[in-house]
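Undergrad: Next up is a structure, given as structure tokens.
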Amino acid sequence: MPEHTFKLNGKPVTVDTEDNVRLLWVIRDLLGVTGPKYGCGINVCKACTCHINGKAFNPCSVQVSDVGPDDEITTIEGLADTVESDLHPMQEAWLDHDVVQCGYCQPGQIMAAVATVRKARDEGRELSDADIEGIRNVCRCGTYFRIREAIKDGATRM
């Protein structure tokens, strides 16, 4: 089987698997990192949202052969390490705003929120309501108001 190497949460990893295996299954099943959730498998619900090289992406729609040794994948498990803290500021805001109900979508929601804030800052501007509206992650419990408030608060902490 082909070997695939990339960085996961700051550490180099190598897996032996077919080229067409979705990266989500590699992360969850082969590497045992279960923060990214399987929801739809077609890049719609975004429960699996992670970062690749600092930008949000959905590993359910990416084949493992599409990532290489220079690519850095960050999951919710590695997010706090990006700020060298026990929790990332966005995770703290999530807790302070009591966002979680069932919790299934929350890792993807947080990862999308962090990437959105970073993108706005990289463009030299503050986070806007339009930016938040652009986050398309699905929450079956409907905690969107608390999600919005936590994103705004988390952005001020980042």
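By order of appearance in the structure tokens: chains A, B, ..., then residues from 1 within every chain, and ligands from 1 in the order shown.
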At a cut-off of 9 Å, using only C-alpha atoms, what residues contact Val21 (chain A)? Leave out same-chain residues fewer than 3 positions from it and give the result as a ChimeraX atom specification.

TA: /A:17-18,24-26,62-65

Undergrad: Please write the residues from the selection above to a file, keeping all heavy atoms, as a PDB file, in the first residue's frame.

TA:
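Here's the written file again-v6.pdb:
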```
ATOM      1  N   THR A  17      -1.991   3.448   3.375  1.00  0.00           N
ATOM      2  CA  THR A  17      -3.378   3.265   2.953  1.00  0.00           C
ATOM      3  C   THR A  17      -3.499   3.628   1.481  1.00  0.00           C
ATOM      4  O   THR A  17      -2.627   4.281   0.914  1.00  0.00           O
ATOM      5  CB  THR A  17      -4.341   4.096   3.822  1.00  0.00           C
ATOM      6  OG1 THR A  17      -5.681   3.703   3.553  1.00  0.00           O
ATOM      7  CG2 THR A  17      -4.194   5.589   3.581  1.00  0.00           C
ATOM      8  N   GLU A  18      -4.575   3.211   0.883  1.00  0.00           N
ATOM      9  CA  GLU A  18      -4.824   3.514  -0.527  1.00  0.00           C
ATOM     10  C   GLU A  18      -4.934   5.023  -0.737  1.00  0.00           C
ATOM     11  O   GLU A  18      -5.367   5.756   0.153  1.00  0.00           O
ATOM     12  CB  GLU A  18      -6.100   2.816  -1.000  1.00  0.00           C
ATOM     13  CG  GLU A  18      -6.026   1.302  -0.942  1.00  0.00           C
ATOM     14  CD  GLU A  18      -4.925   0.724  -1.830  1.00  0.00           C
ATOM     15  OE1 GLU A  18      -4.606   1.315  -2.877  1.00  0.00           O
ATOM     16  OE2 GLU A  18      -4.379  -0.333  -1.459  1.00  0.00           O
ATOM     17  N   LEU A  24     -10.566  12.192   6.324  1.00  0.00           N
ATOM     18  CA  LEU A  24     -11.305  12.061   7.583  1.00  0.00           C
ATOM     19  C   LEU A  24     -11.140  10.658   8.163  1.00  0.00           C
ATOM     20  O   LEU A  24     -10.942  10.503   9.370  1.00  0.00           O
ATOM     21  CB  LEU A  24     -12.788  12.373   7.380  1.00  0.00           C
ATOM     22  CG  LEU A  24     -13.660  12.246   8.629  1.00  0.00           C
ATOM     23  CD1 LEU A  24     -13.200  13.199   9.735  1.00  0.00           C
ATOM     24  CD2 LEU A  24     -15.117  12.478   8.293  1.00  0.00           C
ATOM     25  N   TRP A  25     -11.201   9.626   7.305  1.00  0.00           N
ATOM     26  CA  TRP A  25     -11.060   8.249   7.805  1.00  0.00           C
ATOM     27  C   TRP A  25      -9.632   7.979   8.250  1.00  0.00           C
ATOM     28  O   TRP A  25      -9.411   7.231   9.196  1.00  0.00           O
ATOM     29  CB  TRP A  25     -11.509   7.243   6.753  1.00  0.00           C
ATOM     30  CG  TRP A  25     -12.923   7.484   6.334  1.00  0.00           C
ATOM     31  CD1 TRP A  25     -13.394   7.609   5.070  1.00  0.00           C
ATOM     32  CD2 TRP A  25     -14.055   7.683   7.190  1.00  0.00           C
ATOM     33  NE1 TRP A  25     -14.751   7.872   5.088  1.00  0.00           N
ATOM     34  CE2 TRP A  25     -15.179   7.925   6.377  1.00  0.00           C
ATOM     35  CE3 TRP A  25     -14.241   7.698   8.572  1.00  0.00           C
ATOM     36  CZ2 TRP A  25     -16.449   8.154   6.890  1.00  0.00           C
ATOM     37  CZ3 TRP A  25     -15.514   7.934   9.084  1.00  0.00           C
ATOM     38  CH2 TRP A  25     -16.590   8.161   8.246  1.00  0.00           C
ATOM     39  N   VAL A  26      -8.673   8.590   7.580  1.00  0.00           N
ATOM     40  CA  VAL A  26      -7.278   8.436   8.002  1.00  0.00           C
ATOM     41  C   VAL A  26      -7.101   9.037   9.391  1.00  0.00           C
ATOM     42  O   VAL A  26      -6.536   8.413  10.293  1.00  0.00           O
ATOM     43  CB  VAL A  26      -6.322   9.103   6.984  1.00  0.00           C
ATOM     44  CG1 VAL A  26      -4.900   9.159   7.520  1.00  0.00           C
ATOM     45  CG2 VAL A  26      -6.367   8.361   5.652  1.00  0.00           C
ATOM     46  N   VAL A  62     -11.591  15.245   0.985  1.00  0.00           N
ATOM     47  CA  VAL A  62     -10.206  15.283   0.505  1.00  0.00           C
ATOM     48  C   VAL A  62      -9.606  13.884   0.598  1.00  0.00           C
ATOM     49  O   VAL A  62      -9.702  13.234   1.642  1.00  0.00           O
ATOM     50  CB  VAL A  62      -9.375  16.280   1.360  1.00  0.00           C
ATOM     51  CG1 VAL A  62      -7.912  16.250   0.969  1.00  0.00           C
ATOM     52  CG2 VAL A  62      -9.946  17.689   1.246  1.00  0.00           C
ATOM     53  N   GLN A  63      -8.989  13.448  -0.470  1.00  0.00           N
ATOM     54  CA  GLN A  63      -8.309  12.159  -0.449  1.00  0.00           C
ATOM     55  C   GLN A  63      -6.945  12.314   0.214  1.00  0.00           C
ATOM     56  O   GLN A  63      -6.313  13.365   0.100  1.00  0.00           O
ATOM     57  CB  GLN A  63      -8.128  11.625  -1.867  1.00  0.00           C
ATOM     58  CG  GLN A  63      -9.431  11.291  -2.537  1.00  0.00           C
ATOM     59  CD  GLN A  63      -9.228  10.752  -3.943  1.00  0.00           C
ATOM     60  OE1 GLN A  63      -8.122  10.525  -4.389  1.00  0.00           O
ATOM     61  NE2 GLN A  63     -10.337  10.541  -4.640  1.00  0.00           N
ATOM     62  N   VAL A  64      -6.489  11.284   0.883  1.00  0.00           N
ATOM     63  CA  VAL A  64      -5.203  11.345   1.571  1.00  0.00           C
ATOM     64  C   VAL A  64      -4.069  11.631   0.587  1.00  0.00           C
ATOM     65  O   VAL A  64      -3.078  12.262   0.943  1.00  0.00           O
ATOM     66  CB  VAL A  64      -4.944  10.069   2.407  1.00  0.00           C
ATOM     67  CG1 VAL A  64      -4.732   8.852   1.508  1.00  0.00           C
ATOM     68  CG2 VAL A  64      -3.768  10.264   3.351  1.00  0.00           C
ATOM     69  N   SER A  65      -4.234  11.236  -0.658  1.00  0.00           N
ATOM     70  CA  SER A  65      -3.192  11.495  -1.660  1.00  0.00           C
ATOM     71  C   SER A  65      -3.071  12.974  -2.002  1.00  0.00           C
ATOM     72  O   SER A  65      -2.086  13.392  -2.612  1.00  0.00           O
ATOM     73  CB  SER A  65      -3.464  10.688  -2.934  1.00  0.00           C
ATOM     74  OG  SER A  65      -4.694  11.068  -3.511  1.00  0.00           O
TER      75      SER A  65
END
```

Undergrad: Nearest to Lys152 (chain A) among A:Leu31, A:Leu95, A:Met90, A:Leu8, with distances taken over only C-alpha atoms: which residue is it?

TA: A:Met90

Undergrad: Pull the closest atom pair for each residue of region 100-158 of chain A that gets at most 12 Å from region 69-77 of chain A, along with the distance in Å to one decimal, counting only C-alpha atoms, ordering rows by chain and then ascending residue number, as a tab-separated table.

TA:
```
residue	atom	partner	partner_atom	distance
A:Cys105	CA	A:Ile76	CA	11.4
A:Gln106	CA	A:Ile76	CA	9.3
A:Pro107	CA	A:Ile76	CA	5.7
A:Gly108	CA	A:Ile76	CA	7.7
A:Gln109	CA	A:Ile76	CA	9.8
A:Ile110	CA	A:Ile76	CA	7.7
A:Met111	CA	A:Ile76	CA	6.7
A:Ala112	CA	A:Ile76	CA	10.4
A:Ala113	CA	A:Ile76	CA	11.6
A:Val114	CA	A:Ile76	CA	10.5
A:Ala115	CA	A:Thr74	CA	11.0
```

Undergrad: Based on the backbone DSSP call, show me all residues of region 56-144 of chain A assigned strand (DSSP E), as a VMD selection string.

TA: chain A and resid 56 to 57 72 to 74

Undergrad: Enumerate the residues of chain A with a DSSP assignment of alpha helix (DSSP H), computed from the backbone, and present them as a PyMOL selection string.

TA: chain A and resi 23-25+76-79+89-96+106-122+129-133+144-157

Undergrad: Work out how far CA of Cys48 (chain A) is from CA of Asp122 (chain A), in Å to one decimal.

TA: 23.7 Å

Undergrad: So what do you get for CA of Ile135 (chain A) versus CA of Thr116 (chain A), distance-wise?

TA: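 Spanning CA of Ile135 (chain A) to CA of Thr116 (chain A) is a straight-line distance of 7.7 Å.
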
Undergrad: Point out the residue among A:Gly68, A:Gly35, A:Gly134, A:Gly142 with the least atom-to-atom distance to Lys7 (chain A), counting only C-alpha atoms.

TA: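 Ranking A:Gly68, A:Gly35, A:Gly134, A:Gly142 by distance to Lys7 (chain A), first place goes to A:Gly68.
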